[in-house]
file start00.txt (compact mmCIF, C-alpha atoms and all ligand atoms)
# COMPACT_ATOMS: atom_id res chain seq x y z
CA MET D 132 -72.12 -133.64 -130.48
CA ASP D 133 -71.84 -130.18 -128.99
CA GLU D 134 -73.50 -131.45 -125.86
CA ASN D 135 -70.95 -134.19 -125.74
CA ARG D 136 -68.15 -131.72 -125.90
CA VAL D 137 -69.70 -129.65 -123.13
CA ASP D 138 -69.91 -132.76 -120.95
CA GLN D 139 -66.32 -133.55 -121.64
CA ASN D 140 -65.30 -130.04 -120.75
CA ARG D 141 -67.28 -130.22 -117.57
CA GLU D 142 -65.65 -133.50 -116.72
CA ALA D 143 -62.24 -132.04 -117.36
CA GLU D 144 -63.09 -129.11 -115.13
CA ASN D 145 -64.20 -131.42 -112.35
CA ASP D 146 -61.03 -133.44 -112.66
CA GLU D 147 -59.01 -130.26 -112.53
CA ARG D 148 -60.84 -129.13 -109.41
CA ALA D 149 -60.39 -132.49 -107.72
CA ARG D 150 -56.70 -132.45 -108.49
CA THR D 151 -56.04 -128.91 -107.35
CA THR D 152 -57.97 -129.26 -104.09
CA ALA D 153 -56.67 -132.68 -103.11
CA PRO D 154 -54.08 -132.57 -100.35
CA ARG D 155 -51.00 -133.99 -101.99
CA HIS D 156 -47.78 -132.52 -100.78
CA ARG D 157 -48.40 -132.78 -97.11
CA ALA D 158 -46.46 -133.99 -94.15
CA ASP D 159 -49.74 -135.47 -92.96
CA ALA D 160 -50.18 -137.53 -96.12
CA PRO D 161 -51.52 -141.05 -95.59
CA GLU D 162 -49.06 -143.60 -94.33
CA SER D 163 -49.18 -145.56 -97.59
CA SER D 164 -48.10 -142.51 -99.59
CA ARG D 165 -45.32 -141.48 -97.17
CA GLN D 166 -43.75 -144.92 -96.97
CA PRO D 167 -40.91 -145.23 -99.50
CA SER D 168 -41.34 -148.28 -101.73
CA PRO D 169 -38.38 -150.04 -103.36
CA HIS D 170 -39.50 -148.35 -106.58
CA ASP D 171 -39.42 -144.93 -104.89
CA LEU D 172 -35.87 -145.55 -103.71
CA GLU D 173 -34.81 -146.52 -107.20
CA VAL D 174 -36.43 -143.39 -108.64
CA LEU D 175 -34.68 -141.25 -106.02
CA SER D 176 -31.30 -142.73 -106.90
CA ARG D 177 -31.96 -142.07 -110.58
CA GLN D 178 -33.13 -138.52 -109.88
CA LEU D 179 -29.96 -137.80 -107.89
CA GLY D 180 -27.57 -139.93 -109.93
CA ARG D 181 -26.38 -141.72 -106.81
CA PRO D 182 -27.77 -144.19 -104.32
CA VAL D 183 -29.81 -142.89 -101.43
CA ARG D 184 -29.49 -143.97 -97.84
CA ASP D 185 -31.51 -143.41 -94.71
CA VAL D 186 -34.57 -142.14 -96.57
CA VAL D 187 -37.48 -142.83 -94.24
CA GLU D 188 -40.41 -141.07 -95.92
CA ILE D 189 -41.54 -139.52 -99.19
CA PRO D 190 -43.22 -136.35 -97.97
CA ALA D 191 -44.10 -134.91 -101.40
CA ARG D 192 -44.95 -136.56 -104.67
CA CYS D 193 -45.54 -135.51 -108.25
CA VAL D 194 -49.13 -135.85 -109.47
CA CYS D 195 -47.86 -139.02 -111.18
CA GLY D 196 -46.65 -140.46 -107.88
CA ASN D 197 -42.90 -140.04 -108.30
CA PRO D 198 -41.05 -138.53 -105.35
CA LEU D 199 -40.38 -134.78 -105.30
CA VAL D 200 -38.85 -134.69 -101.84
CA ALA D 201 -37.14 -137.31 -99.70
CA ALA D 202 -37.15 -137.23 -95.91
CA THR D 203 -33.88 -138.39 -94.42
CA SER D 204 -33.75 -139.87 -90.95
CA PRO D 205 -32.72 -137.34 -88.29
CA ARG D 206 -30.06 -139.86 -87.32
CA LEU D 207 -28.21 -141.69 -90.09
CA SER D 208 -27.69 -145.42 -89.78
CA ASN D 209 -24.05 -144.79 -88.85
CA GLY D 210 -25.24 -142.71 -85.88
CA THR D 211 -24.58 -139.24 -87.29
CA PRO D 212 -27.23 -136.65 -86.35
CA PHE D 213 -28.72 -135.20 -89.51
CA PRO D 214 -30.55 -131.87 -89.39
CA THR D 215 -31.58 -131.53 -93.05
CA THR D 216 -34.72 -133.60 -93.10
CA PHE D 217 -36.36 -132.54 -96.38
CA TYR D 218 -34.33 -132.93 -99.53
CA LEU D 219 -35.56 -131.82 -102.90
CA THR D 220 -34.87 -134.59 -105.41
CA HIS D 221 -36.77 -133.80 -108.60
CA PRO D 222 -34.23 -132.58 -111.17
CA VAL D 223 -36.65 -130.20 -112.88
CA ILE D 224 -37.34 -128.43 -109.61
CA THR D 225 -33.76 -128.48 -108.33
CA SER D 226 -32.39 -126.91 -111.49
CA ALA D 227 -35.16 -124.30 -111.61
CA VAL D 228 -34.43 -123.36 -108.00
CA SER D 229 -30.72 -123.19 -108.78
CA ARG D 230 -31.49 -120.63 -111.47
CA LEU D 231 -33.18 -118.41 -108.89
CA GLU D 232 -30.27 -118.82 -106.50
CA ALA D 233 -27.86 -117.85 -109.26
CA ALA D 234 -30.02 -114.82 -110.02
CA GLY D 235 -29.59 -113.57 -106.45
CA LEU D 236 -33.02 -114.27 -104.99
CA MET D 237 -31.51 -115.24 -101.63
CA ASN D 238 -29.87 -111.83 -101.18
CA GLU D 239 -33.19 -110.18 -101.87
CA MET D 240 -34.94 -112.40 -99.32
CA ASN D 241 -32.28 -111.74 -96.70
CA ASP D 242 -32.72 -108.00 -97.19
CA ARG D 243 -36.46 -108.39 -96.71
CA LEU D 244 -35.98 -110.51 -93.60
CA ALA D 245 -33.81 -107.79 -92.12
CA ALA D 246 -36.33 -105.06 -92.91
CA ASP D 247 -39.67 -106.76 -92.25
CA ALA D 248 -40.36 -107.97 -88.70
CA GLY D 249 -43.57 -109.70 -89.77
CA LEU D 250 -41.78 -111.71 -92.41
CA ALA D 251 -39.00 -112.51 -89.96
CA ALA D 252 -41.58 -113.83 -87.49
CA ARG D 253 -43.19 -116.01 -90.13
CA TYR D 254 -39.80 -117.34 -91.13
CA ARG D 255 -39.12 -118.23 -87.50
CA SER D 256 -42.45 -120.08 -87.44
CA ALA D 257 -41.36 -122.03 -90.51
CA HIS D 258 -38.22 -123.02 -88.60
CA GLU D 259 -40.34 -124.23 -85.67
CA ALA D 260 -42.59 -126.17 -88.04
CA TYR D 261 -39.52 -127.78 -89.59
CA LEU D 262 -38.32 -128.93 -86.16
CA SER D 263 -41.77 -130.31 -85.29
CA SER D 264 -42.01 -132.23 -88.54
CA ARG D 265 -38.56 -133.68 -87.99
CA ALA D 266 -39.53 -134.79 -84.48
CA GLU D 267 -42.65 -136.46 -85.90
CA ILE D 268 -40.63 -138.20 -88.59
CA GLY D 269 -38.13 -139.34 -85.96
CA ALA D 270 -40.95 -140.75 -83.88
CA ARG D 271 -42.70 -142.44 -86.80
CA SER D 272 -39.50 -144.03 -88.05
CA GLY D 273 -38.52 -145.29 -84.61
CA ILE D 274 -35.41 -143.08 -84.46
CA GLY D 275 -36.72 -141.07 -81.54
CA ALA D 276 -35.24 -137.84 -80.27
CA VAL D 277 -31.91 -136.57 -81.60
CA PRO D 278 -30.82 -134.04 -78.96
CA GLU D 279 -27.60 -133.15 -80.81
CA ILE D 280 -29.62 -131.22 -83.39
CA ASP D 281 -32.24 -129.68 -81.08
CA GLY D 282 -33.13 -126.26 -82.43
CA VAL D 283 -31.07 -126.71 -85.60
CA SER D 284 -33.10 -126.73 -88.80
CA ALA D 285 -31.67 -126.07 -92.25
CA GLY D 286 -31.40 -123.69 -95.16
CA GLY D 287 -30.37 -120.80 -92.93
CA MET D 288 -33.54 -120.82 -90.85
CA PRO D 289 -34.57 -119.18 -88.57
CA THR D 290 -32.85 -115.91 -89.48
CA ARG D 291 -31.18 -116.26 -92.88
CA VAL D 292 -31.81 -117.78 -96.30
CA LYS D 293 -28.83 -119.89 -97.32
CA CYS D 294 -30.36 -122.56 -99.55
CA LEU D 295 -33.56 -122.19 -101.51
CA HIS D 296 -33.66 -125.93 -102.23
CA VAL D 297 -34.13 -126.54 -98.52
CA LEU D 298 -36.98 -124.03 -98.31
CA VAL D 299 -38.72 -125.48 -101.35
CA GLY D 300 -38.28 -129.02 -100.04
CA HIS D 301 -39.88 -127.93 -96.78
CA SER D 302 -42.73 -126.10 -98.53
CA LEU D 303 -43.56 -129.08 -100.71
CA ALA D 304 -43.47 -131.40 -97.71
CA ALA D 305 -45.50 -129.15 -95.45
CA GLY D 306 -47.99 -127.80 -97.98
CA PRO D 307 -48.67 -124.14 -98.69
CA GLY D 308 -48.78 -121.58 -95.87
CA VAL D 309 -46.03 -123.03 -93.67
CA ASN D 310 -42.81 -121.77 -95.22
CA LEU D 311 -43.63 -118.45 -96.85
CA LEU D 312 -40.28 -117.97 -98.59
CA GLY D 313 -40.39 -121.55 -99.86
CA ASP D 314 -43.89 -120.92 -101.18
CA GLU D 315 -42.67 -117.76 -102.90
CA THR D 316 -39.84 -119.68 -104.50
CA ILE D 317 -42.25 -122.31 -105.81
CA ALA D 318 -44.39 -119.56 -107.31
CA ALA D 319 -41.27 -118.03 -108.86
CA ILE D 320 -40.35 -121.24 -110.73
CA ALA D 321 -43.81 -121.56 -112.32
CA GLU D 322 -42.24 -121.03 -115.72
CA TRP D 323 -40.40 -124.37 -115.30
CA TRP D 324 -42.44 -126.36 -112.79
CA THR D 325 -45.86 -126.24 -111.15
CA VAL D 326 -47.51 -128.54 -108.64
CA GLU D 327 -50.41 -129.34 -110.98
CA ARG D 328 -48.43 -131.08 -113.68
CA CYS D 329 -46.06 -133.98 -114.16
CA TYR D 330 -42.63 -132.96 -115.46
CA CYS D 331 -41.01 -136.36 -114.99
CA ASP D 332 -40.80 -137.51 -118.58
CA GLY D 333 -37.16 -137.31 -119.61
CA ALA D 334 -36.13 -135.60 -116.37
CA TRP D 335 -33.75 -138.41 -115.41
CA ASP D 336 -32.16 -141.45 -116.94
CA THR D 337 -34.57 -144.37 -116.73
CA GLY D 338 -32.47 -146.86 -118.69
CA GLY D 339 -29.99 -149.38 -117.34
CA GLU D 340 -29.14 -150.05 -113.75
CA ALA D 341 -30.05 -147.55 -111.07
CA PRO D 342 -26.96 -146.02 -109.44
CA SER D 343 -25.73 -148.39 -106.77
CA ARG D 344 -22.70 -146.51 -105.56
CA ASP D 345 -21.88 -142.88 -105.25
CA LEU D 346 -20.70 -141.59 -108.60
CA SER D 347 -21.72 -138.01 -108.02
CA ARG D 348 -19.00 -135.50 -108.80
CA HIS D 349 -21.25 -132.52 -108.92
CA GLY D 350 -22.32 -131.91 -105.39
CA PRO D 351 -25.48 -132.13 -103.44
CA GLN D 352 -28.09 -131.72 -106.10
CA GLY D 353 -26.11 -133.93 -108.46
CA LEU D 354 -26.66 -131.78 -111.51
CA PRO D 355 -23.70 -130.88 -113.68
CA GLU D 356 -25.48 -127.92 -115.24
CA ILE D 357 -25.82 -126.11 -111.96
CA VAL D 358 -23.56 -123.14 -111.97
CA GLY D 359 -23.31 -119.98 -109.97
CA ARG D 360 -24.32 -121.23 -106.57
CA PRO D 361 -21.95 -119.65 -104.10
CA ALA D 362 -19.50 -121.91 -102.35
CA PRO D 363 -20.68 -122.65 -98.84
CA VAL D 364 -18.86 -120.56 -96.28
CA ARG D 365 -18.90 -121.92 -92.78
CA LYS D 366 -17.29 -120.10 -89.91
CA SER D 367 -19.14 -120.90 -86.74
CA ARG D 368 -20.23 -123.97 -84.89
CA SER D 369 -23.84 -123.36 -85.85
CA ASP D 370 -22.77 -123.11 -89.45
CA ALA D 371 -21.03 -126.45 -89.11
CA ALA D 372 -24.27 -127.89 -87.83
CA GLY D 373 -25.90 -126.42 -90.90
CA ALA D 374 -23.38 -128.08 -93.17
CA ALA D 375 -26.16 -130.30 -94.32
CA ASP D 376 -28.00 -127.31 -95.81
CA THR D 377 -26.29 -127.76 -99.09
CA ALA D 378 -25.07 -131.26 -98.48
CA ALA D 379 -25.96 -134.46 -100.17
CA THR D 380 -28.59 -135.16 -97.62
CA ALA D 381 -30.54 -137.90 -99.28
CA GLY D 382 -27.64 -140.23 -98.83
CA ALA D 383 -24.31 -139.32 -100.36
CA ALA D 384 -23.00 -137.96 -97.10
CA ASP D 385 -22.22 -140.20 -94.21
CA THR D 386 -20.72 -137.43 -92.16
CA ALA D 387 -20.79 -133.68 -92.01
CA ALA D 388 -17.22 -133.77 -93.32
CA THR D 389 -18.11 -135.55 -96.53
CA ALA D 390 -21.18 -133.35 -96.84
CA GLY D 391 -18.93 -130.31 -96.73
CA ALA D 392 -16.69 -131.78 -99.38
CA ALA D 393 -19.67 -132.37 -101.63
CA GLY D 394 -20.77 -128.79 -101.11
CA THR D 395 -17.36 -127.51 -102.14
CA GLY D 396 -17.36 -129.72 -105.19
CA GLU D 397 -20.58 -128.21 -106.29
CA SER D 398 -19.15 -124.75 -106.72
CA GLN D 399 -16.60 -125.94 -109.22
ZN ZN R 1 -44.36 -136.98 -112.50
call {"tool": "encode", "arguments": {"input": "start00.txt", "output": "structure tokens", "more": "lines below"}}
Ligand SMILES: [Zn+2]
result
Amino acid sequence: MDENRVDQNREAENDERARTTAPRHRADAPESSRQPSPHDLEVLSRQLGRPVRDVVEIPARCVCGNPLVAATSPRLSNGTPFPTTFYLTHPVITSAVSRLEAAGLMNEMNDRLAADAGLAARYRSAHEAYLSSRAEIGARSGIGAVPEIDGVSAGGMPTRVKCLHVLVGHSLAAGPGVNLLGDETIAAIAEWWTVERCYCDGAWDTGGEAPSRDLSRHGPQGLPEIVGRPAPVRKSRSDAAGAADTAATAGAADTAATAGAAGTGESQ
């Protein structure tokens, strides 16, 4: 009987090892796992509380298979260029990240970026990686190049941190070691979410019809309990291009203008 238990423990250990070493949240995930199924799209709309549009890939999944991140086409179906490719959709992660934003983590990171040339260089590399991944997604989805957003990533990259959700979405999509500040943020939410476990049960409404039109009144991440995120301030042209940083990227926004409106709504 004791032997039995030992075997079971060993088996559990092996399972654990297999799970923690398996490449899961990777931009280079197999085609079958990246491709959004009708079920994925329904789950996304339930996670966000609104329908999604122009989602072309699921670059990161929960261990249970549910989407964590949606990849939006670099050009929306109405023709609008769309720089924010990776959008964090899992409500447990989005609300945990919002807590860190409210606690001032972005200010701290911006101070470090200003003081640490090595960190600044790595952050610039993350920006380049973001652009490369977007180009690959554009190619895979048949969208092709979107010159209007050349050199424009999201979340404040390459020099500032303006949205931790963007960095975490990128980190989960790219896998560890690509976006250092995103990786740090994931480590910092370990109290609420970790990559090893499924936190989906009860995280969104699974009853009734999935949202089929935009009912969101609470901004990009669609979560009424989010408070304390600063209202987006946009002064320059490059900031306008970055409007999607905090915008309803996975589909609520058809244009940068509506994205901006959603961002404003969020701060209320
Ligand atoms: Zn799950």
call {"tool": "closest_atom_pairs", "arguments": {"input": "start00.txt", "of": "stretch 273-311 of chain D", "to": "stretch 195-214 of chain D", "cutoff": "12 Å", "atoms": "all atoms listed in the file", "output": "CSV"}}
result
residue,atom,partner,partner_atom,distance
D:Gly273,CA,D:Ser204,CA,9.6
D:Ile274,CA,D:Arg206,CA,6.9
D:Gly275,CA,D:Pro205,CA,8.7
D:Ala276,CA,D:Pro205,CA,8.4
D:Val277,CA,D:Pro212,CA,6.7
D:Pro278,CA,D:Pro212,CA,8.6
D:Glu279,CA,D:Pro212,CA,6.6
D:Ile280,CA,D:Pro214,CA,6.1
D:Asp281,CA,D:Pro214,CA,8.8
D:Gly282,CA,D:Pro214,CA,9.3
D:Val283,CA,D:Pro214,CA,6.4
D:Ser284,CA,D:Pro214,CA,5.8
D:Ala285,CA,D:Pro214,CA,6.6
D:Gly286,CA,D:Pro214,CA,10.0
D:Gly287,CA,D:Pro214,CA,11.6
D:Met288,CA,D:Pro214,CA,11.5
D:His296,CA,D:Val200,CA,10.2
D:Val297,CA,D:Val200,CA,10.0
D:Leu298,CA,D:Val200,CA,11.4
D:Val299,CA,D:Val200,CA,9.2
D:Gly300,CA,D:Val200,CA,6.0
D:His301,CA,D:Val200,CA,8.5
D:Ser302,CA,D:Val200,CA,10.0
D:Leu303,CA,D:Val200,CA,7.4
D:Ala304,CA,D:Val200,CA,7.0
D:Ala305,CA,D:Val200,CA,10.8
call {"tool": "residues_near_ligand", "arguments": {"input": "start00.txt", "ligand": "ligand ZN 1 (chain R)", "cutoff": "6 Å", "atoms": "only C-alpha atoms and all ligand atoms", "output": "number ranges by chain"}}
result
D: 193-195, 197, 329-331
call {"tool": "atom_distance", "arguments": {"input": "start00.txt", "atom1": "atom CA of D:Lys293", "atom2": "atom CA of D:Glu239"}}
result
11.6 Å
call {"tool": "atom_distance", "arguments": {"input": "start00.txt", "atom1": "atom CA of D:Arg192", "atom2": "atom CA of D:Ser164"}}
result
8.4 Å
call {"tool": "closest_residue", "arguments": {"input": "start00.txt", "among": "D:Ser226, D:Thr290, D:Gln178, D:Thr316", "to": "D:Arg243", "atoms": "all atoms listed in the file"}}
result
D:Thr290
call {"tool": "atom_distance", "arguments": {"input": "start00.txt", "atom1": "atom CA of D:Ala318", "atom2": "atom CA of D:Tyr254"}}
result
17.0 Å
call {"tool": "closest_residue", "arguments": {"input": "start00.txt", "among": "D:Ala191, D:Leu175, D:Ala341, D:Ala334", "to": "D:Gly306", "atoms": "all atoms listed in the file"}}
result
D:Ala191
call {"tool": "closest_residue", "arguments": {"input": "start00.txt", "among": "D:Trp324, D:Met240, D:Arg265, D:His258", "to": "D:Leu312", "atoms": "all atoms listed in the file"}}
result
D:Met240
